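One structure below.
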Amino acid sequence: MAIDVRLLTAPFDPGAFVGPFANAHPGLGGICTFVGEVRDDGGVAALELTHYEPLTLPGMRALADAAVRRFDLMGLLMLHRVGLLRPGEPIVCVAAAALHRRGAIDAVDFAMDHLKSQAWLWKRERTAAGWRWVEPRAEDFADKARWDFRALT
Amino acid sequence: MRVLFLGRLQDAAGCVEREVLAQPSVAALIAGFEPELAEALRSDKVRVAVNGVVGATALADGDEVAFLPAVSGG
């Protein structure tokens, strides 16, 4: 069992992490990996992510532990960038290893929905008009809520 | 004590952190700030962490207080 959760301060190559992660779990049935990148929609020149040391990484570790328990994972890799990012750069990478595909796929979906709405991260983007703080979106909370009732079943 | 302003609160405070004289409570700490900043910090959407514990209200000398606006998420 490997739970590897990190905040990264410099650009990273997801494959360089996912490869060794897969190799660390002989006998696995499947790995699901999601990589999120900074969207290049024309207007945004840069994105800056701020974290708060005492909360952000511990919060991500707790989320990783919850995903491992809930989806019976063999391992979970959770990487998130902080600092200054440019369009096209990877910002997040979550990979789950499990005996069966469903657990791996659902665990990544679960982890991403919670990261998007709950992680102790603050984001601002720079456009031609200057810096602008990014507000939480209603869809992000709705995505996370999809998982709430399932906890009861 | 050290006070940190996360996210958009750094704009309201005009800085990311301040060193202030010890205060007995979060409420007293906020009351000592400029009115506009104090108002921003009293928002329902702002949470407070004392030495990394969210929701604490009592303060002691040497504590680190962080004001946390709604997160943007990852």
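Identifiers in this document derive from the order of the structure tokens: chains are assigned A, B, ..., residues are numbered from 1 separately in each chain, and ligands are numbered from 1 in order of occurrence.
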Mind the document's chain letters and residue numbers, and return as a PyMOL selection string the residues of region 20-65 of chain B that DSSP labels strand (DSSP E).
chain B and resi 47-50+53-54+64-65
Where does region 64-113 of chain A meet region 30-43 of chain A within 10 Å, residue by residue, with the nearest atom pair and distance in Å to one decimal for each, counting only C-alpha atoms, listed by chain and rising number, as a Markdown table?
```
| residue | atom | partner | partner_atom | distance |
| --- | --- | --- | --- | --- |
| A:Leu73 | CA | A:Ile31 | CA | 9.9 |
| A:Met74 | CA | A:Ile31 | CA | 9.7 |
| A:Gly75 | CA | A:Ile31 | CA | 9.3 |
| A:Leu76 | CA | A:Ile31 | CA | 9.4 |
| A:Leu77 | CA | A:Thr33 | CA | 8.9 |
| A:Met78 | CA | A:Phe34 | CA | 9.8 |
| A:Leu79 | CA | A:Val35 | CA | 9.4 |
| A:His80 | CA | A:Gly36 | CA | 9.5 |
| A:Leu85 | CA | A:Val38 | CA | 7.4 |
| A:Arg86 | CA | A:Val38 | CA | 6.6 |
| A:Pro87 | CA | A:Val38 | CA | 4.6 |
| A:Gly88 | CA | A:Val38 | CA | 5.3 |
| A:Glu89 | CA | A:Glu37 | CA | 5.3 |
| A:Pro90 | CA | A:Glu37 | CA | 4.1 |
| A:Ile91 | CA | A:Glu37 | CA | 5.1 |
| A:Val92 | CA | A:Gly36 | CA | 5.0 |
| A:Cys93 | CA | A:Val35 | CA | 4.4 |
| A:Val94 | CA | A:Phe34 | CA | 5.3 |
| A:Ala95 | CA | A:Thr33 | CA | 4.1 |
| A:Ala96 | CA | A:Cys32 | CA | 5.4 |
| A:Ala97 | CA | A:Ile31 | CA | 4.5 |
| A:Ala98 | CA | A:Gly30 | CA | 5.6 |
| A:Leu99 | CA | A:Gly30 | CA | 6.2 |
| A:His100 | CA | A:Gly30 | CA | 6.0 |
| A:Arg101 | CA | A:Gly30 | CA | 5.4 |
| A:Arg102 | CA | A:Gly30 | CA | 9.0 |
| A:Gly103 | CA | A:Gly30 | CA | 9.0 |
| A:Ala104 | CA | A:Cys32 | CA | 5.4 |
| A:Ile105 | CA | A:Cys32 | CA | 5.5 |
| A:Asp106 | CA | A:Cys32 | CA | 8.9 |
| A:Ala107 | CA | A:Cys32 | CA | 8.5 |
| A:Val108 | CA | A:Cys32 | CA | 6.9 |
| A:Asp109 | CA | A:Phe34 | CA | 8.5 |
| A:Met112 | CA | A:Phe34 | CA | 8.4 |
```
Show me, as number ranges by chain, every residue of chain B with an atom at most 10 Å from chain A, counting only C-alpha atoms.
B: 4-8, 11, 49-54, 66, 68-74
Keeping only N, CA and C atoms, write the selected residues as a short mmCIF file (atom, residue, chain, number, x, y, z; two decimals), in the first residue's frame.
```
data_model
loop_
_atom_site.label_atom_id
_atom_site.label_comp_id
_atom_site.auth_asym_id
_atom_site.auth_seq_id
_atom_site.Cartn_x
_atom_site.Cartn_y
_atom_site.Cartn_z
N LEU B 4 -1.91 35.74 9.35
CA LEU B 4 -1.81 35.50 7.91
C LEU B 4 -3.16 35.75 7.24
N PHE B 5 -3.10 36.34 6.05
CA PHE B 5 -4.30 36.61 5.27
C PHE B 5 -4.20 35.83 3.97
N LEU B 6 -5.09 34.84 3.83
CA LEU B 6 -5.04 33.99 2.63
C LEU B 6 -5.97 34.53 1.55
N GLY B 7 -5.69 34.13 0.34
CA GLY B 7 -6.56 34.44 -0.79
C GLY B 7 -6.83 35.93 -0.92
N ARG B 8 -8.09 36.26 -1.23
CA ARG B 8 -8.44 37.64 -1.50
C ARG B 8 -8.28 38.52 -0.26
N ASP B 11 -5.65 41.17 -0.27
CA ASP B 11 -5.94 42.47 -0.88
C ASP B 11 -6.55 43.42 0.15
N ALA B 49 -8.10 29.88 11.51
CA ALA B 49 -7.31 28.78 12.07
C ALA B 49 -6.30 29.36 13.04
N VAL B 50 -6.21 28.74 14.21
CA VAL B 50 -5.21 29.14 15.20
C VAL B 50 -4.24 27.99 15.34
N ASN B 51 -3.01 28.23 14.99
CA ASN B 51 -1.98 27.18 14.98
C ASN B 51 -2.44 25.95 14.20
N GLY B 52 -3.13 26.20 13.10
CA GLY B 52 -3.55 25.11 12.22
C GLY B 52 -4.85 24.43 12.62
N VAL B 53 -5.50 24.92 13.70
CA VAL B 53 -6.77 24.34 14.12
C VAL B 53 -7.90 25.28 13.70
N VAL B 54 -8.74 24.79 12.79
CA VAL B 54 -9.82 25.63 12.26
C VAL B 54 -10.94 25.76 13.28
N ALA B 66 -4.58 32.38 11.14
CA ALA B 66 -4.75 32.49 9.69
C ALA B 66 -6.21 32.75 9.37
N LEU B 68 -9.00 32.56 6.61
CA LEU B 68 -9.16 31.72 5.43
C LEU B 68 -10.47 32.03 4.72
N PRO B 69 -10.43 32.73 3.59
CA PRO B 69 -11.67 32.96 2.85
C PRO B 69 -12.09 31.66 2.15
N ALA B 70 -13.24 31.66 1.50
CA ALA B 70 -13.71 30.47 0.79
C ALA B 70 -12.60 29.99 -0.16
N VAL B 71 -12.37 28.71 -0.18
CA VAL B 71 -11.31 28.19 -1.03
C VAL B 71 -11.74 28.23 -2.51
N SER B 72 -10.77 28.32 -3.39
CA SER B 72 -11.06 28.26 -4.82
C SER B 72 -11.05 26.82 -5.29
N GLY B 73 -10.46 25.95 -4.48
CA GLY B 73 -10.35 24.55 -4.88
C GLY B 73 -9.15 24.33 -5.78
N GLY B 74 -8.93 23.06 -6.11
CA GLY B 74 -7.73 22.72 -6.87
C GLY B 74 -7.96 22.86 -8.36
#
```
Nearby residues (only C-alpha atoms) at most 8 Å from Leu57 (chain A), same-chain spacing under 6 positions excluded, as a ChimeraX atom specification
/A:5-7
Next, the residues of the selection above should be written as a PDB file, in the first residue's frame with N, CA and C atoms.
```pdb
ATOM      1  N   VAL A   5       1.174  11.653  -1.351  1.00  0.00           N
ATOM      2  CA  VAL A   5       0.481  12.934  -1.503  1.00  0.00           C
ATOM      3  C   VAL A   5       1.511  14.051  -1.435  1.00  0.00           C
ATOM      4  N   ARG A   6       1.534  14.888  -2.448  1.00  0.00           N
ATOM      5  CA  ARG A   6       2.549  15.946  -2.468  1.00  0.00           C
ATOM      6  C   ARG A   6       2.014  17.247  -3.036  1.00  0.00           C
ATOM      7  N   LEU A   7       2.558  18.331  -2.515  1.00  0.00           N
ATOM      8  CA  LEU A   7       2.385  19.648  -3.120  1.00  0.00           C
ATOM      9  C   LEU A   7       3.681  19.939  -3.851  1.00  0.00           C
TER      10      LEU A   7
END
```
Write down as a ChimeraX atom specification the residues of region 22-103 of chain A whose backbone DSSP state falls under alpha helix (DSSP H).
/A:22-23,53-71,101-103
Name the residues in contact with region 18-22 of chain B at a cut-off of 9 Å, using only C-alpha atoms, excluding same-chain residues fewer than 2 positions from it; report them as a list in words.
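The residues that qualify are Met1, Arg2, Val3, Leu4, Phe5, Ala13, Cys15, Val16, Pro24, Leu29, Leu59, Ala60, Asp61, Gly62 and Asp63 of chain B.
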